[in-house]
Amino acid sequence: MNEKLIDELKRQGSFESEEESQKRIEVLNKLQALAEEFVRSVSIQKNMSELMARDAGGKIFTFGSYRLGVYGPGSDIDTLVVVPKHVTRENFFDVFEKLLRKRPELEEIACVPDAFVPIIKIKFSSISVDLICARLDIPQIPLSLTLDDKNLLRNLDEKDLRALNGTRVTDEILRLVPQAIVFKHALRAIKLWAQRRAIYSNVMGFPGGVAWAMLVARICQLYPNAISATIISKFFNILNKWSWPQPVMLKAIEDGPLQVRVWNPKLYPADRAHRMPIITPAYPSMCATHNISASTQKVIMSELKRGASLMDEIMIGKRPWADLFIKHDFFLRYKYYLAVYASSKGTAEQQLKWSGLVESRLRQLVLKLEWIDSIELAHPFVKEFDQVHYCADEDEAKRVADGEQIATASTKEADLVKTVKAEEKEHGGKVTSNGDAENKVVDGTTAKKLVVYTTTFFIGLEINLDRMMESLHFSIIEFVSELGCMILTYALARHKQLDIQWPCKEFYEMCRTWPEYDEDINCICVRNIRKYRAYCPLSVVNVSTDQS
C-alpha cells in the first residue's frame, strides 16, 4: 500500500529530480557565503577590524516546505538570514541587495521592505528564493548557532520575532515527529490533496502549509510506528470526528522570557472564537488557523468526510490513490456565485498592489455574508484570476472595470508579476501611473487602446430559500455606487428580502480606506453570477472542469 502511494505521488509530479535538489543545495551554499560577506561588509563600515568583521559571522536558515522536505518542482525556498546586533534591517535592503545584484546567477529581484514580514524575492540560478532577515541581540552569529534557545528572542522587535518564527516552528515540528520520513511522505500527500481540493490558503480562511503540517505531525505522534499510508487514513478518520474547537497541539504550551501574548482561550476572548485552533509548538505559541470562518470550516469538514470515505476504500484496494487527488468542483458546486472584481486603469504594479489589498479584505466580506440568516455558506475560492483588457474608449474601460464582458474589448490572461518586471525594465526601474492609451496590434491593425487590469475573486453561495418561503420569485436588483461597487439585493416574494447590500458596502469601504486608493485608477465591483461560465475567464473554466 505504501509503495502504491509513493508511486502515485511520483505520477502526480510531487517529487523533484536529484539534479534539481542538488542545484538547490548549491544555491543555498552561495547564499550562505553572501550572508557572511554581507555581515563582514557592514561590520567594516562600522569601523570593526577585519578579524572582528569576519568573526561576526552570519547564517542562513530555511523553513517552510523546503525545510520540511516536502518541496516539489518549481517550489521556492523560504530562507532566513540571521545577523548580529550591529547589522540592521536597513542594511539588509541596502548592502545585501547590492551584493545580490552583483551576482551573475541573479535573474530577478523584488524588494518589499514595508511588508508585514519585510522580504527580498529573488530568482537565483532559476530557483525562486524568498529572503527575510532577523537581527539577534548578540555580537556574533557562528555557523553552529541554532534557534531553539528562547532567550535568543530577548530585546527583538516584532518584525524580527515574526521572521524567526517560521524557522523555529518548522524545526520544532520536525523534532516532535517520531519518524521523519513517514511524516514527509504523508505530508506530501495531504498537501497535494488540500491543493487539489482548493482548501490550501491561509489568506482565504483555510489552513496554510504550516497548519496542514502540524495536523499530519499530530497523527504521526498518535501512531508513532505507522507507515505513511496508515497515517493518511488515520488523518482523515480522526480529524473528521475531531471535537472542534478542541485545539490540536504537538506539545503543551510553554512560558517564556518575553512579555508577549501566548495563545490562551481562558484569558483572551478572541482566542476562544477560533473555530479550528491548531497551535504552533514553538514559543510564543500562536493559532495558525485564526482565519477560519464558519463557512470555510464547513468546507474543510466536508472535504475531510469525503477523504475519510475514499480512504476506507483505498486501504482495502477498492479505489486507487489517484481518486484522493481528484480536483475540486467549486465552479460546478453552487447555483449562485459572487464575483469580486478588483480593477485598475493604471499599471500592472498598481494592480498588483490593489488586488493584494482586496484579497486581504475578502475574508471580511465572507464573515459579513455569514451574518445573513439565509446564507448557509459563503465559500471563497483560493485562486484569483488576472486579466488585461484593451479598451477603445473611457466608457468601455469603465464598463470593463465594473465587471462587464465587452465583446469589442481585447482581453487576455495576465501575469502581473512578469508585467511589473517588464514595466520596470522599460522605465528604468521606476513605474508611474499611466492610465494612458497604448498602441496595440488588435486584429492586424494598430490602434490606441486604454489598458484595464482586472483581478477576479469568486465566492460560492449556498442559500437556504426554504427558510424564507415555500415558493419564491428570484430577481436581482443591482446598483453601482459612484465609485464602482456593485451591490446586490435579492428580492423575494411576500416582501421578504435577502439583502446583502450592507456586507458589500462594508467591504467596499474597507477597501476604499487603503492609503493608496485613487478613485480615478482603482475600482471594485461585486456581481452576481448564476451561470458560472457567463462571466468567468477561460482559465477558471479549465480549473473547474479538469477532474483528471
# chains A, B, ... in the order shown; residues from 1 in each chain; ligands from 1
>>> residues_around(residues="region 19-25 of chain A", least_positions_apart="3", cutoff="10 Å", atoms="only C-alpha atoms", output="PyMOL selection string")
chain A and resi 15-16+28-31+66+71-74+76-77+124-129
>>> residues_around(residues="region 41-43 of chain A", least_positions_apart="3", cutoff="9 Å", atoms="only C-alpha atoms", output="PyMOL selection string")
chain A and resi 36-38+46-50+52-54+56+86-87+91+95
>>> write_last_selection(atoms="N, CA, C and O atoms", output="PDB file, in the first residue's frame")
ATOM      1  N   GLU A  36      27.533  35.854   4.841  1.00  0.00           N
ATOM      2  CA  GLU A  36      28.754  36.140   5.591  1.00  0.00           C
ATOM      3  C   GLU A  36      29.452  37.390   5.042  1.00  0.00           C
ATOM      4  O   GLU A  36      29.963  38.211   5.819  1.00  0.00           O
ATOM      5  N   GLU A  37      29.476  37.528   3.718  1.00  0.00           N
ATOM      6  CA  GLU A  37      30.081  38.706   3.112  1.00  0.00           C
ATOM      7  C   GLU A  37      29.291  39.966   3.467  1.00  0.00           C
ATOM      8  O   GLU A  37      29.868  41.040   3.707  1.00  0.00           O
ATOM      9  N   PHE A  38      27.968  39.843   3.523  1.00  0.00           N
ATOM     10  CA  PHE A  38      27.089  40.938   3.916  1.00  0.00           C
ATOM     11  C   PHE A  38      27.424  41.434   5.324  1.00  0.00           C
ATOM     12  O   PHE A  38      27.634  42.638   5.564  1.00  0.00           O
ATOM     13  N   LYS A  46      31.259  49.850   9.952  1.00  0.00           N
ATOM     14  CA  LYS A  46      31.069  50.341  11.315  1.00  0.00           C
ATOM     15  C   LYS A  46      32.373  50.293  12.110  1.00  0.00           C
ATOM     16  O   LYS A  46      32.365  50.194  13.341  1.00  0.00           O
ATOM     17  N   ASN A  47      33.457  50.362  11.364  1.00  0.00           N
ATOM     18  CA  ASN A  47      34.802  50.547  11.937  1.00  0.00           C
ATOM     19  C   ASN A  47      35.302  49.362  12.748  1.00  0.00           C
ATOM     20  O   ASN A  47      36.117  49.534  13.665  1.00  0.00           O
ATOM     21  N   MET A  48      34.851  48.177  12.433  1.00  0.00           N
ATOM     22  CA  MET A  48      35.416  46.987  13.060  1.00  0.00           C
ATOM     23  C   MET A  48      36.671  46.577  12.292  1.00  0.00           C
ATOM     24  O   MET A  48      36.808  46.858  11.103  1.00  0.00           O
ATOM     25  N   SER A  49      37.553  45.877  12.980  1.00  0.00           N
ATOM     26  CA  SER A  49      38.745  45.362  12.310  1.00  0.00           C
ATOM     27  C   SER A  49      38.344  44.224  11.375  1.00  0.00           C
ATOM     28  O   SER A  49      37.264  43.648  11.504  1.00  0.00           O
ATOM     29  N   GLU A  50      39.242  43.876  10.460  1.00  0.00           N
ATOM     30  CA  GLU A  50      38.948  42.795   9.526  1.00  0.00           C
ATOM     31  C   GLU A  50      38.696  41.482  10.268  1.00  0.00           C
ATOM     32  O   GLU A  50      37.775  40.722   9.920  1.00  0.00           O
ATOM     33  N   MET A  52      37.599  41.073  13.444  1.00  0.00           N
ATOM     34  CA  MET A  52      36.299  41.151  14.125  1.00  0.00           C
ATOM     35  C   MET A  52      35.148  41.055  13.128  1.00  0.00           C
ATOM     36  O   MET A  52      34.112  40.426  13.415  1.00  0.00           O
ATOM     37  N   ALA A  53      35.321  41.664  11.962  1.00  0.00           N
ATOM     38  CA  ALA A  53      34.265  41.634  10.949  1.00  0.00           C
ATOM     39  C   ALA A  53      34.008  40.213  10.469  1.00  0.00           C
ATOM     40  O   ALA A  53      32.852  39.800  10.281  1.00  0.00           O
ATOM     41  N   ARG A  54      35.088  39.451  10.282  1.00  0.00           N
ATOM     42  CA  ARG A  54      34.917  38.059   9.847  1.00  0.00           C
ATOM     43  C   ARG A  54      34.309  37.197  10.952  1.00  0.00           C
ATOM     44  O   ARG A  54      33.517  36.293  10.684  1.00  0.00           O
ATOM     45  N   ALA A  56      32.179  38.122  13.053  1.00  0.00           N
ATOM     46  CA  ALA A  56      30.766  38.484  13.283  1.00  0.00           C
ATOM     47  C   ALA A  56      29.823  37.461  12.661  1.00  0.00           C
ATOM     48  O   ALA A  56      28.686  37.307  13.095  1.00  0.00           O
ATOM     49  N   HIS A  86      24.667  44.485  15.421  1.00  0.00           N
ATOM     50  CA  HIS A  86      25.086  45.734  14.808  1.00  0.00           C
ATOM     51  C   HIS A  86      24.673  45.855  13.340  1.00  0.00           C
ATOM     52  O   HIS A  86      24.906  46.874  12.700  1.00  0.00           O
ATOM     53  N   VAL A  87      24.043  44.804  12.790  1.00  0.00           N
ATOM     54  CA  VAL A  87      23.559  44.821  11.405  1.00  0.00           C
ATOM     55  C   VAL A  87      22.054  45.093  11.434  1.00  0.00           C
ATOM     56  O   VAL A  87      21.306  44.403  12.125  1.00  0.00           O
ATOM     57  N   ASN A  91      20.301  47.803   6.500  1.00  0.00           N
ATOM     58  CA  ASN A  91      21.483  47.240   5.834  1.00  0.00           C
ATOM     59  C   ASN A  91      21.105  46.081   4.917  1.00  0.00           C
ATOM     60  O   ASN A  91      21.686  45.910   3.839  1.00  0.00           O
ATOM     61  N   VAL A  95      22.873  46.976   1.609  1.00  0.00           N
ATOM     62  CA  VAL A  95      24.130  46.278   1.347  1.00  0.00           C
ATOM     63  C   VAL A  95      23.897  44.891   0.756  1.00  0.00           C
ATOM     64  O   VAL A  95      24.513  44.511  -0.256  1.00  0.00           O
TER      65      VAL A  95
END
>>> closest_residue(among="A:Gly317, A:Gly205, A:Pro247, A:Pro178", to="Arg361 (chain A)", atoms="only C-alpha atoms")
A:Gly205
>>> select_by_dssp(residues="region 204-333 of chain A", states="strand (DSSP E or B)", output="PyMOL selection string")
chain A and resi 248-249+278-279+287
>>> write_last_selection(atoms="N, CA and C atoms", output="PDB file, in the first residue's frame")
ATOM      1  N   VAL A 248      -5.633  21.429  18.405  1.00  0.00           N
ATOM      2  CA  VAL A 248      -4.620  20.445  18.044  1.00  0.00           C
ATOM      3  C   VAL A 248      -3.276  21.027  18.457  1.00  0.00           C
ATOM      4  N   MET A 249      -2.567  20.306  19.331  1.00  0.00           N
ATOM      5  CA  MET A 249      -1.275  20.768  19.824  1.00  0.00           C
ATOM      6  C   MET A 249      -0.266  19.630  19.768  1.00  0.00           C
ATOM      7  N   ILE A 278      -5.247  25.323  15.659  1.00  0.00           N
ATOM      8  CA  ILE A 278      -4.060  24.481  15.509  1.00  0.00           C
ATOM      9  C   ILE A 278      -2.907  25.327  16.014  1.00  0.00           C
ATOM     10  N   ILE A 279      -2.257  24.895  17.095  1.00  0.00           N
ATOM     11  CA  ILE A 279      -1.353  25.751  17.863  1.00  0.00           C
ATOM     12  C   ILE A 279       0.102  25.440  17.529  1.00  0.00           C
ATOM     13  N   CYS A 287      -2.079  30.608  17.288  1.00  0.00           N
ATOM     14  CA  CYS A 287      -3.011  29.822  16.490  1.00  0.00           C
ATOM     15  C   CYS A 287      -2.716  30.066  15.017  1.00  0.00           C
TER      16      CYS A 287
END
>>> closest_residue(among="A:Cys111, A:Ile316, A:Val182, A:Leu187", to="Leu215 (chain A)", atoms="only C-alpha atoms")
A:Leu187
>>> atom_distance(atom1="CA of Asp157 (chain A)", atom2="CA of Pro284 (chain A)")
13.9 Å
>>> select_by_dssp(residues="region 212-274 of chain A", states="helix (DSSP H, G or I)", output="PyMOL selection string")
chain A and resi 212-222+228-239+269-272
>>> closest_residue(among="A:Ala308, A:Leu222, A:Leu145, A:Ala35", to="Asn240 (chain A)", atoms="only C-alpha atoms")
A:Ala308
>>> closest_residue(among="A:Glu3, A:Glu105, A:Glu516, A:Asp148", to="Tyr283 (chain A)", atoms="only C-alpha atoms")
A:Asp148
>>> residues_around(residues="Leu156 (chain A)", least_positions_apart="3", cutoff="8 Å", atoms="only C-alpha atoms", output="JSON, numbers by chain")
{"A": [135, 136, 137, 153, 160, 161]}
>>> residues_around(residues="Lys150 (chain A)", least_positions_apart="3", cutoff="10 Å", atoms="only C-alpha atoms", output="ChimeraX atom specification")
/A:147,153-154,168,255-258,282-284
